[in-house]
Structures are given as C-alpha cells and as structure tokens.
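See below for data31.csv, which holds CSV, C-alpha atoms and all ligand atoms.
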chain,number,residue,atom,x,y,z
A,1,MET,CA,21.7,-2.0,28.5
A,2,SER,CA,18.1,-3.1,28.4
A,3,ARG,CA,17.4,-6.4,26.6
A,4,LEU,CA,14.2,-7.0,24.7
A,5,ASN,CA,12.2,-10.1,25.6
A,6,LEU,CA,12.5,-12.3,22.5
A,7,ALA,CA,10.1,-15.0,21.3
A,8,ILE,CA,11.2,-17.4,18.6
A,9,LEU,CA,8.6,-19.1,16.4
A,10,ILE,CA,9.6,-22.4,14.8
A,11,SER,CA,8.1,-25.3,12.9
A,12,GLY,CA,10.9,-27.9,12.8
A,13,ARG,CA,14.6,-28.4,13.2
A,14,GLY,CA,15.3,-25.0,14.8
A,15,SER,CA,18.9,-24.5,13.8
A,16,ASN,CA,18.4,-20.8,13.3
A,17,MET,CA,16.7,-20.6,16.7
A,18,GLU,CA,19.7,-22.4,18.2
A,19,ALA,CA,22.0,-19.8,16.5
A,20,LEU,CA,19.8,-17.0,18.1
A,21,LEU,CA,19.9,-18.7,21.5
A,22,ARG,CA,23.7,-19.0,21.3
A,23,ALA,CA,24.1,-15.3,20.4
A,24,ALA,CA,21.7,-14.3,23.1
A,25,ALA,CA,23.8,-16.2,25.7
A,26,ALA,CA,26.2,-13.2,25.5
A,27,PRO,CA,25.2,-10.7,28.3
A,28,ASP,CA,25.6,-7.8,25.9
A,29,TYR,CA,23.2,-9.2,23.2
A,30,PRO,CA,20.2,-6.9,22.9
A,31,ALA,CA,17.5,-9.7,23.2
A,32,ARG,CA,16.8,-12.2,26.0
A,33,PRO,CA,14.9,-15.4,24.9
A,34,VAL,CA,11.7,-15.8,26.9
A,35,LEU,CA,9.8,-18.3,24.7
A,36,VAL,CA,10.2,-20.7,21.9
A,37,LEU,CA,6.9,-21.6,20.3
A,38,SER,CA,6.2,-24.2,17.6
A,39,ASN,CA,3.1,-24.9,15.6
A,40,ARG,CA,4.2,-28.5,15.4
A,41,PRO,CA,4.3,-30.5,18.6
A,42,ASN,CA,7.1,-32.8,17.3
A,43,ALA,CA,9.4,-30.0,16.2
A,44,LEU,CA,13.0,-31.0,17.1
A,45,GLY,CA,13.8,-27.4,18.0
A,46,LEU,CA,11.5,-27.6,21.1
A,47,GLU,CA,13.9,-30.1,22.7
A,48,THR,CA,16.9,-27.9,21.9
A,49,ALA,CA,15.2,-24.9,23.5
A,50,LEU,CA,14.3,-26.8,26.6
A,51,ALA,CA,17.9,-28.1,26.9
A,52,ALA,CA,19.0,-24.5,26.7
A,53,GLY,CA,16.7,-23.6,29.6
A,54,VAL,CA,14.2,-21.6,27.5
A,55,GLN,CA,10.5,-22.0,27.9
A,56,ALA,CA,9.3,-24.0,24.9
A,57,VAL,CA,5.7,-24.7,24.0
A,58,ALA,CA,3.8,-26.2,21.1
A,59,ILE,CA,0.5,-24.8,19.9
A,60,ASP,CA,-0.7,-27.3,17.3
A,61,HIS,CA,-2.3,-25.4,14.4
A,62,LYS,CA,-4.1,-28.6,13.4
A,63,ALA,CA,-6.2,-28.4,16.6
A,64,TYR,CA,-7.8,-25.2,15.2
A,65,GLY,CA,-8.8,-26.7,11.8
A,66,LYS,CA,-9.3,-23.9,9.2
A,67,ASP,CA,-9.6,-21.2,11.8
A,68,ARG,CA,-6.2,-19.5,11.4
A,69,GLU,CA,-7.2,-16.6,13.6
A,70,ALA,CA,-8.2,-18.8,16.5
A,71,PHE,CA,-4.8,-20.5,16.3
A,72,GLU,CA,-3.1,-17.1,16.2
A,73,ARG,CA,-5.1,-15.8,19.2
A,74,ALA,CA,-3.7,-18.8,21.2
A,75,MET,CA,-0.2,-17.9,20.0
A,76,ASP,CA,-0.8,-14.3,20.8
A,77,ALA,CA,-1.9,-15.1,24.3
A,78,ALA,CA,1.2,-17.2,24.9
A,79,LEU,CA,3.4,-14.5,23.5
A,80,ILE,CA,1.9,-11.8,25.7
A,81,GLY,CA,2.0,-14.2,28.7
A,82,ALA,CA,5.7,-14.5,28.2
A,83,GLY,CA,6.2,-10.7,28.0
A,84,THR,CA,7.3,-10.8,24.4
A,85,GLU,CA,8.7,-7.5,23.0
A,86,ILE,CA,10.2,-8.8,19.7
A,87,ILE,CA,9.4,-12.0,17.6
A,88,ALA,CA,11.9,-13.8,15.4
A,89,LEU,CA,10.3,-16.3,12.9
A,90,ALA,CA,12.9,-19.0,12.4
A,91,GLY,CA,11.7,-21.6,9.9
A,92,PHE,CA,8.1,-20.9,11.0
A,93,MET,CA,6.1,-22.4,8.1
A,94,ARG,CA,2.6,-21.0,8.6
A,95,VAL,CA,1.4,-18.0,6.7
A,96,LEU,CA,0.2,-15.4,9.2
A,97,THR,CA,-3.1,-13.5,8.9
A,98,PRO,CA,-3.3,-9.7,8.5
A,99,TRP,CA,-4.7,-9.6,12.1
A,100,PHE,CA,-1.6,-11.2,13.7
A,101,VAL,CA,0.8,-9.3,11.5
A,102,GLY,CA,-0.9,-6.1,12.3
A,103,LYS,CA,-0.7,-6.8,16.0
A,104,TRP,CA,3.1,-7.4,15.9
A,105,GLN,CA,4.1,-5.3,12.9
A,106,GLY,CA,7.3,-3.4,13.7
A,107,ARG,CA,8.2,-6.0,16.3
A,108,MET,CA,8.4,-9.2,14.1
A,109,VAL,CA,11.2,-10.3,11.8
A,110,ASN,CA,11.7,-13.4,9.6
A,111,ILE,CA,14.6,-15.2,7.9
A,112,HIS,CA,14.0,-16.3,4.3
A,113,PRO,CA,16.4,-18.4,2.3
A,114,SER,CA,16.7,-16.3,-0.8
A,115,LEU,CA,18.0,-12.9,-1.8
A,116,LEU,CA,14.7,-11.1,-1.6
A,117,PRO,CA,12.9,-9.7,-3.5
A,118,LYS,CA,13.8,-12.8,-5.6
A,119,TYR,CA,12.0,-16.1,-4.8
A,120,LYS,CA,9.4,-15.3,-2.2
A,121,GLY,CA,7.6,-18.5,-1.0
A,122,LEU,CA,8.8,-22.0,-1.3
A,123,ASP,CA,11.5,-23.9,-3.2
A,124,THR,CA,13.9,-20.9,-3.2
A,125,HIS,CA,17.1,-22.9,-3.9
A,126,GLN,CA,15.7,-24.9,-6.9
A,127,ARG,CA,14.2,-21.8,-8.4
A,128,ALA,CA,17.6,-19.9,-8.1
A,129,ILE,CA,19.4,-22.9,-9.7
A,130,ASP,CA,16.8,-23.2,-12.5
A,131,ALA,CA,17.1,-19.5,-13.3
A,132,GLY,CA,20.8,-19.9,-13.8
A,133,ASP,CA,21.6,-17.5,-11.0
A,134,THR,CA,25.3,-17.4,-9.9
A,135,GLU,CA,24.5,-16.5,-6.3
A,136,ALA,CA,22.0,-17.3,-3.7
A,137,GLY,CA,21.6,-16.2,-0.1
A,138,ALA,CA,19.3,-15.3,2.8
A,139,THR,CA,17.4,-12.3,3.9
A,140,VAL,CA,16.2,-11.1,7.3
A,141,HIS,CA,13.3,-8.7,6.9
A,142,TRP,CA,10.5,-7.1,8.9
A,143,VAL,CA,7.3,-9.1,8.6
A,144,SER,CA,4.5,-7.2,6.7
A,145,PRO,CA,1.1,-8.5,5.5
A,146,GLY,CA,2.5,-9.6,2.1
A,147,VAL,CA,4.4,-13.0,2.2
A,148,ASP,CA,8.2,-12.4,2.4
A,149,ASP,CA,7.5,-8.8,1.4
A,150,GLY,CA,8.6,-6.6,4.3
A,151,GLU,CA,11.5,-4.1,4.4
A,152,ILE,CA,14.9,-5.8,4.3
A,153,ILE,CA,17.1,-5.6,7.4
A,154,GLN,CA,20.2,-7.5,6.2
A,155,GLN,CA,21.2,-10.1,3.6
A,156,ALA,CA,24.1,-12.5,3.1
A,157,SER,CA,25.0,-14.2,-0.2
A,158,LEU,CA,27.1,-17.1,-1.4
A,159,PRO,CA,28.0,-18.4,-4.9
A,160,ILE,CA,26.0,-21.1,-6.6
A,161,LEU,CA,28.6,-23.7,-7.7
A,162,PRO,CA,28.4,-25.9,-10.8
A,163,GLY,CA,26.6,-29.1,-9.9
A,164,ASP,CA,24.8,-27.6,-6.9
A,165,THR,CA,21.5,-29.1,-6.1
A,166,ALA,CA,18.8,-27.6,-3.9
A,167,GLU,CA,20.1,-29.8,-1.1
A,168,THR,CA,23.8,-28.9,-1.4
A,169,LEU,CA,23.0,-25.2,-1.7
A,170,ALA,CA,20.7,-25.3,1.3
A,171,ALA,CA,23.4,-27.1,3.4
A,172,ARG,CA,26.0,-24.5,2.4
A,173,LEU,CA,23.6,-21.6,3.1
A,174,LEU,CA,22.6,-22.8,6.6
A,175,PRO,CA,25.8,-21.6,8.4
A,176,VAL,CA,25.5,-18.3,6.5
A,177,GLU,CA,22.0,-18.0,7.9
A,178,HIS,CA,23.3,-18.8,11.4
A,179,ALA,CA,25.7,-15.9,11.2
A,180,LEU,CA,23.3,-13.5,9.5
A,181,TYR,CA,20.3,-13.9,11.8
A,182,PRO,CA,21.8,-12.9,15.2
A,183,ALA,CA,23.4,-9.8,13.5
A,184,ALA,CA,20.2,-8.8,11.8
A,185,LEU,CA,18.1,-9.3,14.9
A,186,ALA,CA,20.4,-7.1,16.9
A,187,LYS,CA,19.8,-4.4,14.3
A,188,ALA,CA,16.0,-4.9,14.6
A,189,CYS,CA,16.3,-4.7,18.4
A,190,ALA,CA,17.9,-1.3,18.1
A,191,VAL,CA,15.0,-0.1,16.0
A,192,VAL,CA,12.4,-1.5,18.4
A,193,ALA,CA,14.2,0.0,21.4
A,194,SER,CA,14.4,3.4,19.7
A,195,VAL,CA,10.6,3.6,19.2
A,196,GLY,CA,9.9,2.3,22.7
A,201,LIG,C1,15.9,-22.1,7.1
A,201,LIG,O1,16.7,-22.3,6.0
A,201,LIG,C2,15.0,-20.8,6.9
A,201,LIG,O2,15.7,-19.8,6.2
A,201,LIG,C3,13.9,-21.4,6.2
A,201,LIG,O3,13.6,-22.6,6.8
A,201,LIG,C4,14.8,-23.2,7.3
A,201,LIG,C5,14.6,-23.5,8.7
A,201,LIG,O4,15.7,-24.2,9.2
A,201,LIG,N1,12.7,-20.5,6.3
A,201,LIG,C6,11.8,-20.5,5.3
A,201,LIG,O5,11.8,-21.1,4.3
A,201,LIG,C7,10.7,-19.5,5.7
A,201,LIG,N2,9.8,-19.3,4.5
A,201,LIG,P1,15.9,-24.3,10.8
A,201,LIG,O6,14.6,-24.8,11.4
A,201,LIG,O7,17.0,-25.3,11.0
A,201,LIG,O8,16.2,-22.9,11.3
Here is a file; write its structure as structure tokens.
Amino acid sequence: MSRLNLAILISGRGSNMEALLRAAAAPDYPARPVLVLSNRPNALGLETALAAGVQAVAIDHKAYGKDREAFERAMDAALIGAGTEIIALAGFMRVLTPWFVGKWQGRMVNIHPSLLPKYKGLDTHQRAIDAGDTEAGATVHWVSPGVDDGEIIQQASLPILPGDTAETLAARLLPVEHALYPAALAKACAVVASVG
C-alpha cells in the first residue's frame, strides 16, 4: 500500500496532531507524517512532534505583518520541500487566502469543533449551549475558500449535558475528535489516492 506524505498544520497544543501521529504509527495507515508546521513558534505541539521523530518547524505569521500571502508562500515552500501530498489542519487558527486554498484544494482537510454547517468560526461550544442544542460534535471537512464551508467527510457527536459549560463540553469533545480525525483522514487519503 502506498502512503501519502502528510503535513499537519497546528497553532497550539496539538492534541489532534498527536492523535494523527499515533494512528500513522501503524504501518497500514494510509498517510506518513513528513512535517508538522506551526504559525506560532511557541506551540506546544512542536515539541510533541519532535519527540515523535517528525520534522517540526515554525513559520511565524507575525514576521510577515499583514502580508498573508507572503506568509503562505513560506508555508507552501516548506510543504513542497517536505514532499507533502495531503495536509491536515489540526487547530490551525489562521484563515487561509484563496491563493493557498486553491493550491491545495482537494488535498487539504480540517477538523472543526461543531456539527457543521452549524457554528462556523469561533466559540462553537458556547454558541451551541446558548442555542439550547442537545448535542454538539466535531466535523472533518475538505477545505474550501469559504471558512469552515467545505464538503463534509465525517462527523461525530455527543450529548450536551445539563450544566455543561463551553469548557466541560470542549473537554468531553476532545477524545471524540481524537477518534474521529484519524478515521476521517484515512477516508480523505483514499480519495486523494484515487485521483492520483
Ligand atoms: C480542537 O478542538 C479543534 O477542533 C479546534 O481547535 C482545537 C485544537 O486543539 N479547531 C478549531 O477551532 C478550528 N477552527 P489541539 O491543538 O489540541 O488539537
């Protein structure tokens, strides 16, 4: 079985990245991590990736000021340099320009902490609680030019319990995300492999 070269983009803790690295340690997983890239030099996940033996680099978006495309051209060069074939955004908190999305469209997926199409953007858990929803969840989707707008690959849900806060809900959702993302990324790999 051929494995796709996987780059994971993070901004912080990197627990979803860690779940992907753990899944990809299995020899029959369809992706092989080649690069972890963070837009924040102090992201905890960079240490985790290095400890797992994966190349980890920071490209600080602040160094590029307001020039989003210049930042993305630097990311793009690092991704190409590592031989990237598929990108997983895992808590990557920068909005990407149409240029970057266009370059990687069909090869880039994201995990978002809501049952899309509900609650695109930020504060997903508080918004679900405020709306009186009885369930929350996470979605893995293809990245398209619209924020949190691409075709859904897979979702997982959990009940919102009486007394839940955004924090308790996020904490209960996290292990659900960690199970969802490796499964959904494997599906995405099958699609990318089929188009060549
Ligand atoms: C995760 O809950 C992920 O779904 C969310 O950020 C967290 C990152 O945690 N992503 C977004 O909000 C993207 N808009 P992690 O760094 O521990 O994986």
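All residues of protein, DNA or RNA that reach within 8 Å of region 121-126 of chain A, judged by only C-alpha atoms and not counting those fewer than 3 positions away in the chain, are A:Pro113, A:Ser114, A:Ile129, A:Asp130, A:Ala136, A:Val147, A:Asp148, A:Thr165, A:Ala166, A:Leu169, A:Ala170.
Of note, CA of Thr97 (chain A) and CA of Glu69 (chain A) are spaced 7.0 Å apart.
Distance annotation: of A:Ser157, A:Leu37, A:Leu46, A:His112, the residue with the minimal separation from Ala77 (chain A) is A:Leu37; atom set is all atoms listed in the file.
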Handout entry: Between CA of Lys120 (chain A) and atom C6 of ligand LIG 201 (chain A), distance in Å (one decimal)
Key = 9.4 Å
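One finds CA of Leu20 (chain A) at 20.8 Å from CA of Leu158 (chain A).
Among A:Tyr119, A:Phe92, A:Tyr29, A:Trp104, the residue with the shortest atom-to-atom distance to ligand LIG 201 (chain A), counting all atoms listed in the file, is A:Phe92.
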Exercise for the section: Find the spatial neighbours of region 105-109 of chain A, counting all atoms listed in the file, within a cut-off of 8 Å - ignore same-chain residues fewer than 3 positions away - and output them as a PyMOL selection string. Expected result: chain A and resi 85-89+101-102+140-144+185+188+192
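The closest residue to ligand LIG 201 (chain A), picked from A:Leu79, A:Leu180, A:Ala26, A:Met93 and counting all atoms listed in the file, is A:Met93.
In terms of minimum interatomic distance to Gly83 (chain A), A:Asn5 ranks closest within A:Gln154, A:Asn5, A:Asn110, A:Asn42, counting all atoms listed in the file.
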Each residue of chain A lying at most 6 Å from ligand LIG 201 (chain A) should get a row with its shortest atom-to-atom pair and the distance in Å to one decimal, counting only C-alpha atoms and all ligand atoms; could you produce that, ordered by chain and increasing number, as CSV?
residue,atom,partner,partner_atom,distance
A:Gly12,CA,A:LIG201,O6,5.0
A:Arg13,CA,A:LIG201,O6,4.0
A:Gly14,CA,A:LIG201,O6,3.5
A:Ser15,CA,A:LIG201,O7,3.5
A:Asn16,CA,A:LIG201,O8,3.6
A:Met17,CA,A:LIG201,O8,5.9
A:Ala90,CA,A:LIG201,O8,5.2
A:Gly91,CA,A:LIG201,C5,3.7
A:Met93,CA,A:LIG201,C7,5.9
A:Ile111,CA,A:LIG201,O2,5.0
A:His112,CA,A:LIG201,O2,4.3
A:Pro113,CA,A:LIG201,O2,4.2
A:Gly121,CA,A:LIG201,N2,6.0
A:Leu174,CA,A:LIG201,O1,6.0
